[in-house]
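Visitor: Next comes coords10.cif, mmCIF, C-alpha atoms:
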data_target
#
loop_
_atom_site.label_atom_id
_atom_site.label_comp_id
_atom_site.auth_asym_id
_atom_site.auth_seq_id
_atom_site.Cartn_x
_atom_site.Cartn_y
_atom_site.Cartn_z
CA MET A 25 -22.26 -22.73 7.81
CA ILE A 26 -20.21 -19.92 6.36
CA GLU A 27 -19.88 -18.34 9.82
CA ILE A 28 -18.44 -21.53 11.26
CA LEU A 29 -15.94 -21.76 8.41
CA THR A 30 -14.93 -18.12 8.98
CA GLU A 31 -14.44 -18.82 12.68
CA ILE A 32 -12.23 -21.82 11.87
CA LEU A 33 -10.22 -19.71 9.40
CA ASN A 34 -9.73 -16.96 11.99
CA ALA A 35 -8.62 -19.44 14.63
CA LEU A 36 -6.14 -21.03 12.21
CA LEU A 37 -4.77 -17.63 11.23
CA LEU A 38 -4.28 -16.60 14.87
CA LEU A 39 -2.62 -19.93 15.69
CA PHE A 40 -0.26 -19.61 12.73
CA LEU A 41 0.49 -16.02 13.79
CA VAL A 42 1.61 -17.21 17.23
CA VAL A 43 3.67 -20.03 15.69
CA CYS A 44 5.41 -17.53 13.37
CA ALA A 45 6.12 -15.13 16.24
CA ILE A 46 7.73 -17.85 18.36
CA ALA A 47 9.68 -19.17 15.37
CA VAL A 48 11.13 -15.73 14.59
CA ALA A 49 12.51 -15.51 18.12
CA GLN A 50 13.89 -19.08 18.10
CA ILE A 51 15.50 -19.42 14.65
CA ARG A 52 19.27 -18.88 14.69
CA ASP A 53 19.67 -18.26 10.95
CA MET A 54 18.95 -14.60 10.29
CA LEU A 55 17.78 -14.98 6.69
CA SER A 56 15.27 -17.69 7.66
CA ALA A 57 14.05 -15.50 10.51
CA VAL A 58 13.48 -12.60 8.11
CA ILE A 59 11.48 -14.79 5.75
CA VAL A 60 9.37 -16.16 8.60
CA PHE A 61 8.84 -12.54 9.68
CA ALA A 62 7.58 -11.73 6.17
CA SER A 63 5.07 -14.56 6.41
CA PHE A 64 4.07 -13.18 9.82
CA GLY A 65 3.33 -9.83 8.13
CA LEU A 66 1.31 -11.53 5.41
CA ILE A 67 -0.83 -13.45 7.93
CA MET A 68 -1.23 -10.21 9.88
CA ALA A 69 -2.51 -8.48 6.72
CA ILE A 70 -5.12 -11.21 6.23
CA VAL A 71 -6.16 -10.84 9.87
CA TRP A 72 -6.61 -7.08 9.38
CA GLN A 73 -8.73 -7.82 6.33
CA GLN A 74 -10.84 -10.24 8.40
CA LEU A 75 -11.31 -7.44 10.95
CA SER A 76 -12.74 -5.36 8.03
CA ALA A 77 -9.89 -2.81 7.98
CA PRO A 78 -8.69 -2.87 4.34
CA ASP A 79 -6.61 0.32 4.70
CA VAL A 80 -4.50 -1.11 7.49
CA ALA A 81 -4.29 -4.43 5.63
CA MET A 82 -2.84 -2.68 2.59
CA VAL A 83 -0.28 -0.75 4.63
CA GLU A 84 0.70 -3.93 6.47
CA ALA A 85 1.09 -5.91 3.25
CA ALA A 86 3.19 -3.20 1.61
CA LEU A 87 5.30 -1.99 4.52
CA GLY A 88 5.36 -4.93 6.93
CA THR A 89 5.86 -7.63 4.33
CA GLY A 90 7.67 -5.90 1.49
CA VAL A 91 9.75 -3.01 2.68
CA THR A 92 10.71 -4.38 6.10
CA THR A 93 11.95 -7.60 4.48
CA LEU A 94 13.95 -5.66 1.91
CA LEU A 95 15.59 -3.46 4.54
CA LEU A 96 16.36 -6.39 6.84
CA ILE A 97 17.91 -8.37 3.98
CA ALA A 98 19.98 -5.29 3.10
CA ALA A 99 21.13 -5.12 6.72
CA ILE A 100 22.00 -8.86 6.72
CA SER A 101 24.03 -8.46 3.54
CA LYS A 102 26.11 -5.90 5.40
CA THR A 103 26.65 -8.01 8.53
CA ARG A 104 26.95 -11.69 9.46
CA ARG A 105 24.21 -14.16 8.60
CA THR A 106 24.07 -16.19 11.81
CA GLU A 107 23.88 -14.68 15.25
CA MET B 23 6.65 -6.59 -14.00
CA VAL B 24 7.93 -3.33 -12.52
CA PRO B 25 5.75 -0.98 -14.66
CA PHE B 26 2.60 -2.78 -13.55
CA ILE B 27 3.59 -2.44 -9.90
CA GLN B 28 4.25 1.26 -10.48
CA VAL B 29 0.87 1.75 -12.18
CA TYR B 30 -0.79 0.00 -9.23
CA GLY B 31 1.04 2.24 -6.75
CA ILE B 32 0.03 5.39 -8.63
CA TYR B 33 -3.56 4.14 -8.80
CA ILE B 34 -3.64 3.59 -5.06
CA ILE B 35 -2.18 7.05 -4.39
CA LEU B 36 -4.62 8.85 -6.72
CA HIS B 37 -7.69 6.94 -5.52
CA GLY B 38 -6.83 7.40 -1.84
CA HIS B 39 -10.06 9.32 -1.19
CA LEU B 40 -12.28 6.86 -3.09
CA SER B 41 -11.08 3.37 -2.20
CA PRO B 42 -8.90 1.79 0.51
CA GLY B 43 -5.32 2.94 0.30
CA GLY B 44 -3.75 6.37 0.30
CA GLY B 45 -0.44 8.07 0.44
CA PHE B 46 1.34 5.70 2.79
CA SER B 47 0.49 2.36 1.17
CA GLY B 48 0.67 3.60 -2.42
CA GLY B 49 4.00 5.29 -1.79
CA ALA B 50 5.33 2.11 -0.17
CA ILE B 51 4.31 0.05 -3.22
CA PHE B 52 5.89 2.56 -5.61
CA GLY B 53 9.14 2.72 -3.62
CA ALA B 54 9.30 -1.07 -3.36
CA SER B 55 9.00 -1.29 -7.18
CA LEU B 56 12.07 0.94 -7.54
CA VAL B 57 13.97 -1.19 -5.04
CA LEU B 58 12.96 -4.36 -6.93
CA ILE B 59 14.89 -3.12 -9.97
CA ALA B 60 18.06 -2.98 -7.88
CA LEU B 61 17.35 -6.46 -6.50
CA SER B 62 16.67 -8.15 -9.84
CA PHE B 63 19.38 -6.55 -12.00
CA ASN B 64 22.18 -4.94 -10.01
CA LEU B 65 22.86 -1.86 -7.98
CA GLU B 66 24.08 0.35 -10.85
CA VAL B 67 20.96 -0.23 -12.96
CA GLY B 68 18.77 0.46 -9.95
CA ALA B 69 20.66 3.59 -8.98
CA ARG B 70 20.37 4.86 -12.55
CA GLN B 71 16.55 4.98 -12.29
CA ILE B 72 16.51 7.73 -9.68
CA SER B 73 19.57 9.64 -8.52
CA HIS B 74 20.30 10.58 -4.93
CA ALA B 75 19.80 14.28 -5.57
CA THR B 76 16.40 13.65 -7.18
CA ALA B 77 15.30 11.42 -4.33
CA SER B 78 16.28 13.94 -1.65
CA VAL B 79 14.64 16.80 -3.55
CA LEU B 80 11.44 14.75 -3.94
CA GLU B 81 11.45 13.87 -0.25
CA SER B 82 11.92 17.42 0.99
CA GLY B 83 9.47 18.59 -1.65
CA GLY B 84 6.82 16.18 -0.41
CA ALA B 85 7.08 17.43 3.16
CA LEU B 86 7.19 21.05 1.98
CA GLY B 87 4.16 20.54 -0.26
CA PHE B 88 2.20 19.18 2.68
CA ILE B 89 3.07 22.22 4.80
CA ILE B 90 2.45 24.68 1.96
CA THR B 91 -0.98 23.17 1.30
CA GLY B 92 -1.81 23.85 4.94
CA LEU B 93 -0.49 27.43 4.62
CA VAL B 94 -2.55 28.00 1.46
CA ALA B 95 -5.61 27.14 3.51
CA VAL B 96 -4.56 29.83 5.99
CA ALA B 97 -4.09 32.32 3.14
CA LEU B 98 -7.55 31.50 1.78
CA GLY B 99 -9.06 32.33 5.15
CA GLY B 100 -9.42 29.04 7.05
CA ASN B 101 -7.58 27.28 9.82
CA TYR B 102 -4.25 25.52 9.24
CA LEU B 103 -4.85 22.45 7.00
CA ALA B 104 -8.54 23.30 6.63
CA ASN B 105 -10.27 21.84 3.61
CA GLN B 106 -13.80 22.98 2.88
CA ALA B 107 -13.78 25.97 5.20
CA ALA B 108 -10.86 27.42 3.22
CA GLY B 109 -12.67 27.10 -0.09
CA PHE B 110 -10.75 24.35 -1.87
CA PRO B 111 -12.72 23.11 -4.92
CA MET B 112 -14.70 20.15 -3.67
CA GLY B 113 -16.14 18.65 -6.84
CA GLU B 114 -18.65 15.83 -6.90
CA ALA B 115 -18.27 13.17 -4.18
CA GLY B 116 -17.09 9.98 -5.86
CA GLU B 117 -15.32 11.63 -8.80
CA LEU B 118 -11.53 11.34 -9.20
CA PHE B 119 -10.77 15.06 -8.95
CA SER B 120 -12.73 15.81 -5.82
CA ALA B 121 -12.21 16.28 -2.09
CA GLY B 122 -10.08 19.40 -2.42
CA ALA B 123 -7.01 19.35 -0.21
CA ILE B 124 -7.21 15.59 0.48
CA PHE B 125 -6.26 14.83 -3.13
CA ILE B 126 -3.26 17.20 -3.05
CA ILE B 127 -2.00 16.09 0.34
CA THR B 128 -2.31 12.40 -0.58
CA ALA B 129 -0.24 12.95 -3.71
CA PHE B 130 2.49 14.76 -1.73
CA LEU B 131 2.47 12.02 0.93
CA GLY B 132 2.86 9.33 -1.72
CA ILE B 133 5.85 11.10 -3.27
CA LYS B 134 7.44 11.52 0.13
CA VAL B 135 7.00 7.93 1.30
CA ALA B 136 8.24 6.47 -2.00
CA SER B 137 11.40 8.59 -2.02
CA THR B 138 11.96 7.85 1.68
CA ILE B 139 11.99 4.09 1.04
CA VAL B 140 14.30 4.44 -1.98
CA THR B 141 16.72 6.68 -0.08
CA LEU B 142 16.71 4.39 2.95
CA PHE B 143 17.48 1.27 0.88
CA TYR B 144 20.30 2.80 -1.15
CA ASN B 145 21.88 4.41 1.90
CA ILE B 146 21.93 1.11 3.78
CA ILE B 147 23.23 -0.84 0.77
CA GLU B 148 26.06 1.48 -0.23
CA GLY B 149 26.53 3.10 3.17
CA ASP B 150 29.92 1.85 4.40
CA ASP B 151 31.44 0.77 1.11
CA LYS B 152 34.28 3.23 1.47
CA SER B 153 35.06 2.53 5.12
CA GLY B 154 35.70 -1.16 4.64
CA ASP B 155 37.01 -1.89 8.15
CA ALA B 156 33.57 -1.77 9.77
CA HIS B 157 33.39 -5.53 10.28
CA MET C 22 -10.48 -18.28 21.92
CA GLU C 23 -7.80 -15.80 23.01
CA ASP C 24 -7.75 -17.20 26.55
CA ILE C 25 -7.02 -20.68 25.21
CA LEU C 26 -4.16 -19.31 23.10
CA PHE C 27 -2.68 -17.50 26.11
CA ILE C 28 -2.85 -20.67 28.20
CA ILE C 29 -1.18 -22.73 25.45
CA ILE C 30 1.68 -20.26 25.04
CA ALA C 31 2.19 -19.98 28.80
CA ALA C 32 2.23 -23.78 29.12
CA ILE C 33 4.86 -24.12 26.38
CA PHE C 34 7.20 -21.62 28.02
CA ALA C 35 6.56 -22.99 31.50
CA MET C 36 7.48 -26.51 30.37
CA ARG C 37 10.70 -25.27 28.81
CA TYR C 38 11.75 -23.64 32.07
CA LEU C 39 10.58 -26.48 34.31
CA LEU C 40 12.83 -28.95 32.52
CA ARG C 41 16.01 -27.21 33.68
CA LEU C 42 15.11 -25.83 37.05
CA GLN C 43 17.52 -23.68 39.06
CA ALA C 44 17.28 -21.15 41.84
CA ARG C 45 17.04 -18.27 39.41
CA GLY C 46 14.57 -20.26 37.30
CA VAL C 47 12.08 -20.48 40.15
CA PHE C 48 12.24 -16.73 40.65
CA THR C 49 11.77 -16.19 36.91
CA ILE C 50 8.73 -18.48 36.81
CA LEU C 51 7.17 -16.64 39.75
CA LEU C 52 7.79 -13.25 38.17
CA VAL C 53 6.47 -14.28 34.76
CA GLY C 54 3.46 -15.92 36.38
CA LEU C 55 2.68 -12.72 38.28
CA ILE C 56 2.96 -10.58 35.15
CA GLY C 57 0.89 -13.08 33.17
CA PHE C 58 -1.78 -13.13 35.86
CA PHE C 59 -2.18 -9.35 35.79
CA PHE C 60 -2.10 -9.33 31.99
CA SER C 61 -4.79 -11.99 31.67
CA PHE C 62 -6.85 -10.26 34.35
CA THR C 63 -6.69 -6.96 32.41
CA VAL C 64 -7.60 -8.66 29.13
CA ALA C 65 -10.53 -10.44 30.74
CA GLU C 66 -11.83 -7.15 32.14
CA MET C 67 -11.79 -5.39 28.74
CA PRO C 68 -15.10 -4.83 26.92
CA PRO C 69 -15.98 -7.57 24.42
CA PHE C 70 -14.53 -7.25 20.94
CA GLY C 71 -16.85 -5.78 18.29
CA ASP C 72 -19.74 -5.13 20.66
CA PRO C 73 -21.80 -2.13 19.48
CA ASN C 74 -22.28 -1.03 23.09
CA ASN C 75 -18.55 -0.48 23.63
CA PRO C 76 -17.43 2.91 24.98
CA VAL C 77 -15.52 3.74 21.77
CA PHE C 78 -18.75 3.91 19.75
CA ASN C 79 -19.81 7.30 21.06
CA GLU C 80 -21.00 10.39 19.20
CA ILE C 81 -17.68 11.18 17.44
CA PRO C 82 -17.61 8.23 14.97
CA ALA C 83 -21.33 8.75 14.36
CA ARG C 84 -20.65 12.39 13.47
CA TYR C 85 -17.86 11.37 11.07
CA MET C 86 -20.07 8.71 9.44
CA GLU C 87 -22.96 11.11 8.90
CA ALA C 88 -21.24 14.34 7.90
CA GLY C 89 -17.91 13.05 6.58
CA VAL C 90 -18.85 12.79 2.90
CA ALA C 91 -20.62 16.16 2.85
CA GLU C 92 -17.85 18.00 4.70
CA THR C 93 -14.75 16.56 3.04
CA GLY C 94 -15.95 15.21 -0.30
CA ALA C 95 -14.07 11.95 0.22
CA VAL C 96 -16.01 8.69 -0.05
CA ASN C 97 -13.36 6.84 1.96
CA ILE C 98 -14.09 7.73 5.58
CA VAL C 99 -10.59 6.65 6.72
CA SER C 100 -9.00 9.09 4.27
CA SER C 101 -11.29 11.89 5.34
CA VAL C 102 -10.33 11.32 8.97
CA ILE C 103 -6.58 10.99 8.60
CA ILE C 104 -6.06 13.72 6.01
CA ASP C 105 -8.80 16.21 6.82
CA TYR C 106 -10.01 15.96 10.42
CA ARG C 107 -6.69 14.74 11.83
CA ALA C 108 -4.34 16.20 9.21
CA PHE C 109 -2.02 17.62 11.84
CA ASP C 110 -1.30 14.11 13.13
CA THR C 111 -0.46 13.00 9.61
CA LEU C 112 1.91 15.95 9.29
CA GLY C 113 3.59 14.72 12.45
CA GLU C 114 3.95 11.25 10.90
CA ALA C 115 5.54 12.74 7.80
CA THR C 116 7.94 14.65 10.07
CA VAL C 117 8.84 11.39 11.83
CA LEU C 118 9.70 9.84 8.46
CA PHE C 119 11.79 12.88 7.58
CA VAL C 120 13.73 12.79 10.85
CA ALA C 121 14.28 9.02 10.50
CA ILE C 122 15.75 9.32 7.02
CA ALA C 123 17.90 12.27 8.14
CA ALA C 124 19.25 10.15 11.01
CA VAL C 125 20.02 7.24 8.68
CA ILE C 126 21.88 9.48 6.25
CA ALA C 127 23.83 11.15 9.05
CA THR C 128 24.81 7.76 10.51
CA LEU C 129 25.58 5.67 7.46
CA LYS C 130 26.85 8.13 4.87
CA SER C 131 30.62 7.93 4.62
CA HIS C 132 32.39 11.14 3.72
#
Rewrite the structure of this file - the entire thing - as C-alpha cells.

Guide:
Amino acid sequence: MIEILTEILNALLLLFLVVCAIAVAQIRDMLSAVIVFASFGLIMAIVWQQLSAPDVAMVEAALGTGVTTLLLIAAISKTRRTE
Amino acid sequence: MVPFIQVYGIYIILHGHLSPGGGFSGGAIFGASLVLIALSFNLEVGARQISHATASVLESGGALGFIITGLVAVALGGNYLANQAAGFPMGEAGELFSAGAIFIITAFLGIKVASTIVTLFYNIIEGDDKSGDAH
Amino acid sequence: MEDILFIIIAAIFAMRYLLRLQARGVFTILLVGLIGFFFSFTVAEMPPFGDPNNPVFNEIPARYMEAGVAETGAVNIVSSVIIDYRAFDTLGEATVLFVAIAAVIATLKSH
C-alpha cells in the first residue's frame, strides 16, 4: 500500500516539475517566472529526497530555491519587469 | 528569525562529516540569512552587518585556508590534500571533532560560500548606482 | 512512466505548431521529431534506474562503503568522498566560485 502511494507521489511530483518548467518558459511577467522557478527548485529538492540523496536535496533547497531567487529578484529590480 | 537561520547554517557546516550537509549547503544558508536582513529592513542595515572589506577578506581567506590545509598535509609528509596519511588527528568516528582535515576544510568552504553569496548580492544591488544612465 | 511524460510533452508542442502551419513549421517539426526520436531511443537503451546490476555499481563504491569510515573518520560517506578522496575537485569548485565573484566585481563595480 505504502509503495503504491509513494509511486503516485513521485508521479505527481514529476508531472508538476514538467508543468513548472513549461510555465517558466511561457510566463511573460519576470517576477512571476522567478517565483514559479523557486517552486520548481522546491519540487526538485523533494524529488532528490525521494531518490535518497539528502545532501543534494539540501544544496538544491538552499541554492536553487533561496539564493537563485534572491539574485534573480535583485537583477529584476535593476532592469525592467516584463520582457 | 535570522539568528535561528544562522545557528542552523553553522550547525550544518560543523556537522558536515556526521550528517547530510556540508560546506556548500551550510554556507548558502548562512549567506542567505545575511541577505534576508537587507531584504526585510533596508540596504543600509544589511550592509552594516558585514562590510565589503570583511566579506572579501573572508572569501579570499576561505580559499587560502583550503589550499594551506592541503600544503600542511604536504609538510607533514603526505600527498597534497591527504588526510590520514599525513597524520591529521582523526578522533573517534561519530564525534564532533573528528575526521581530521575534513572538519577544517568544511569550515573554510562554509566561510567562503557564505561570503561569496553576500558579496554577489550586494554587488548586484548597488552595482550601477553611480552610473545612472545604464537603462 | 518517463516515456509517457515524454510523449505528453511532445504532443503538446506538436499541437501548438500544427495549429499554425507554414513552410518553415514543417521543417521545424521534422527536425524536432528527428532529435526527439534519437533522444527517446538513447533513453530507452539506458540501463534501468536503480538496478543493482548497473555498470556504475562496480568495485569503487564498494571500496568507499567498506573502508570509508576507517580511512577518513567521517560517518557521512558523501563528505568523505567529496572532501577527502576527491578533495582536488572540490578545490576546483571553490576556484570556480572565486573566479565568478571576481568577474562580477570587475563587471558591475563602478569606479

Visitor: Hey, could you make a per-residue contact list for chain A against chain C with 8 Å as the cut-off, showing the nearest pair of atoms and its distance in Å to one decimal, counting only C-alpha atoms, sorted by chain and number, as a tab-separated table?

Guide:
residue	atom	partner	partner_atom	distance
A:Ala35	CA	C:Met22	CA	7.6
A:Leu39	CA	C:Leu26	CA	7.6
A:Asp79	CA	C:Val99	CA	7.7

Visitor: What are the residues of chain C that have an atom within 12 Å of an atom of chain B, counting only C-alpha atoms, as a JSON list (two decimals) with C-alpha atoms, in the frame of the given file?

Guide:
[["chain", "number", "residue", "atom", "x", "y", "z"],
["C", 89, "GLY", "CA", -17.91, 13.05, 6.58],
["C", 90, "VAL", "CA", -18.85, 12.79, 2.90],
["C", 91, "ALA", "CA", -20.62, 16.16, 2.85],
["C", 92, "GLU", "CA", -17.85, 18.00, 4.70],
["C", 93, "THR", "CA", -14.75, 16.56, 3.04],
["C", 94, "GLY", "CA", -15.95, 15.21, -0.30],
["C", 95, "ALA", "CA", -14.07, 11.95, 0.22],
["C", 96, "VAL", "CA", -16.01, 8.69, -0.05],
["C", 97, "ASN", "CA", -13.36, 6.84, 1.96],
["C", 98, "ILE", "CA", -14.09, 7.73, 5.58],
["C", 99, "VAL", "CA", -10.59, 6.65, 6.72],
["C", 100, "SER", "CA", -9.00, 9.09, 4.27],
["C", 101, "SER", "CA", -11.29, 11.89, 5.34],
["C", 102, "VAL", "CA", -10.33, 11.32, 8.97],
["C", 103, "ILE", "CA", -6.58, 10.99, 8.60],
["C", 104, "ILE", "CA", -6.06, 13.72, 6.01],
["C", 105, "ASP", "CA", -8.80, 16.21, 6.82],
["C", 106, "TYR", "CA", -10.01, 15.96, 10.42],
["C", 107, "ARG", "CA", -6.69, 14.74, 11.83],
["C", 108, "ALA", "CA", -4.34, 16.20, 9.21],
["C", 109, "PHE", "CA", -2.02, 17.62, 11.84],
["C", 110, "ASP", "CA", -1.30, 14.11, 13.13],
["C", 111, "THR", "CA", -0.46, 13.00, 9.61],
["C", 112, "LEU", "CA", 1.91, 15.95, 9.29],
["C", 113, "GLY", "CA", 3.59, 14.72, 12.45],
["C", 114, "GLU", "CA", 3.95, 11.25, 10.90],
["C", 115, "ALA", "CA", 5.54, 12.74, 7.80],
["C", 116, "THR", "CA", 7.94, 14.65, 10.07],
["C", 117, "VAL", "CA", 8.84, 11.39, 11.83],
["C", 118, "LEU", "CA", 9.70, 9.84, 8.46],
["C", 119, "PHE", "CA", 11.79, 12.88, 7.58],
["C", 120, "VAL", "CA", 13.73, 12.79, 10.85],
["C", 121, "ALA", "CA", 14.28, 9.02, 10.50],
["C", 122, "ILE", "CA", 15.75, 9.32, 7.02],
["C", 123, "ALA", "CA", 17.90, 12.27, 8.14],
["C", 124, "ALA", "CA", 19.25, 10.15, 11.01],
["C", 125, "VAL", "CA", 20.02, 7.24, 8.68],
["C", 126, "ILE", "CA", 21.88, 9.48, 6.25],
["C", 127, "ALA", "CA", 23.83, 11.15, 9.05],
["C", 128, "THR", "CA", 24.81, 7.76, 10.51],
["C", 129, "LEU", "CA", 25.58, 5.67, 7.46],
["C", 130, "LYS", "CA", 26.85, 8.13, 4.87],
["C", 131, "SER", "CA", 30.62, 7.93, 4.62],
["C", 132, "HIS", "CA", 32.39, 11.14, 3.72]]

Visitor: Tell me the residues of chain A close to chain B, meaning within 12 Å using all atoms listed in the file, as JSON, numbers by chain.

Guide: {"A": [73, 76, 77, 78, 79, 80, 81, 82, 83, 84, 85, 86, 87, 88, 89, 90, 91, 92, 93, 94, 95, 96, 97, 98, 99, 100, 101, 102, 103, 104]}

Visitor: Can you work out the spacing between atom CA of Ile70 of chain A and atom CA of Ala49 of chain A in Å, to one decimal?

Guide: 21.7 Å

Visitor: Which residue is closest to Gly87 of chain B? Choose from B:Phe26, B:Ala129, B:Tyr33, B:Asn64 and count all atoms listed in the file.

Guide: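 Checking each candidate against Gly87 of chain B, we get B:Ala129 as the closest.
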
Visitor: What is the distance, in Å and to one decimal place, between atom CA of Leu75 of chain A and atom CA of Pro73 of chain C?

Guide: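 Atom CA of Leu75 of chain A sits 14.5 Å away from atom CA of Pro73 of chain C.
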
Visitor: Work out where the centre of an axis-aligned box around every listed atom of segment 29-33 of chain B lies and how long its edges are once 5 Å is added on each side; give both in Å to one decimal as JSON.

Guide:
{"center_x": -1.3, "center_y": 2.7, "center_z": -9.5, "size_x": 14.6, "size_y": 15.4, "size_z": 15.4}

Visitor: Rounded to one decimal in Å, what is the spacing between atom CA of Gly54 of chain C and atom CA of Ile51 of chain A?

Guide: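 Those two atoms sit 25.1 Å apart.
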
Visitor: Using the chain letters and numbers from this file, what does the PyMOL selection byres ((chain A and resi 40) around 12) select? Give the answer as a PDB file with C-alpha atoms, in the coordinates of the input.

Guide:
ATOM      1  CA  LEU A  33     -10.220 -19.710   9.400  1.00  0.00           C
ATOM      2  CA  ASN A  34      -9.730 -16.960  11.990  1.00  0.00           C
ATOM      3  CA  ALA A  35      -8.620 -19.440  14.630  1.00  0.00           C
ATOM      4  CA  LEU A  36      -6.140 -21.030  12.210  1.00  0.00           C
ATOM      5  CA  LEU A  37      -4.770 -17.630  11.230  1.00  0.00           C
ATOM      6  CA  LEU A  38      -4.280 -16.600  14.870  1.00  0.00           C
ATOM      7  CA  LEU A  39      -2.620 -19.930  15.690  1.00  0.00           C
ATOM      8  CA  LEU A  41       0.490 -16.020  13.790  1.00  0.00           C
ATOM      9  CA  VAL A  42       1.610 -17.210  17.230  1.00  0.00           C
ATOM     10  CA  VAL A  43       3.670 -20.030  15.690  1.00  0.00           C
ATOM     11  CA  CYS A  44       5.410 -17.530  13.370  1.00  0.00           C
ATOM     12  CA  ALA A  45       6.120 -15.130  16.240  1.00  0.00           C
ATOM     13  CA  ILE A  46       7.730 -17.850  18.360  1.00  0.00           C
ATOM     14  CA  ALA A  47       9.680 -19.170  15.370  1.00  0.00           C
ATOM     15  CA  VAL A  60       9.370 -16.160   8.600  1.00  0.00           C
ATOM     16  CA  PHE A  61       8.840 -12.540   9.680  1.00  0.00           C
ATOM     17  CA  SER A  63       5.070 -14.560   6.410  1.00  0.00           C
ATOM     18  CA  PHE A  64       4.070 -13.180   9.820  1.00  0.00           C
ATOM     19  CA  GLY A  65       3.330  -9.830   8.130  1.00  0.00           C
ATOM     20  CA  LEU A  66       1.310 -11.530   5.410  1.00  0.00           C
ATOM     21  CA  ILE A  67      -0.830 -13.450   7.930  1.00  0.00           C
ATOM     22  CA  MET A  68      -1.230 -10.210   9.880  1.00  0.00           C
ATOM     23  CA  ILE A  70      -5.120 -11.210   6.230  1.00  0.00           C
ATOM     24  CA  VAL A  71      -6.160 -10.840   9.870  1.00  0.00           C
TER      25      VAL A  71
ATOM     26  CA  LEU C  26      -4.160 -19.310  23.100  1.00  0.00           C
TER      27      LEU C  26
END
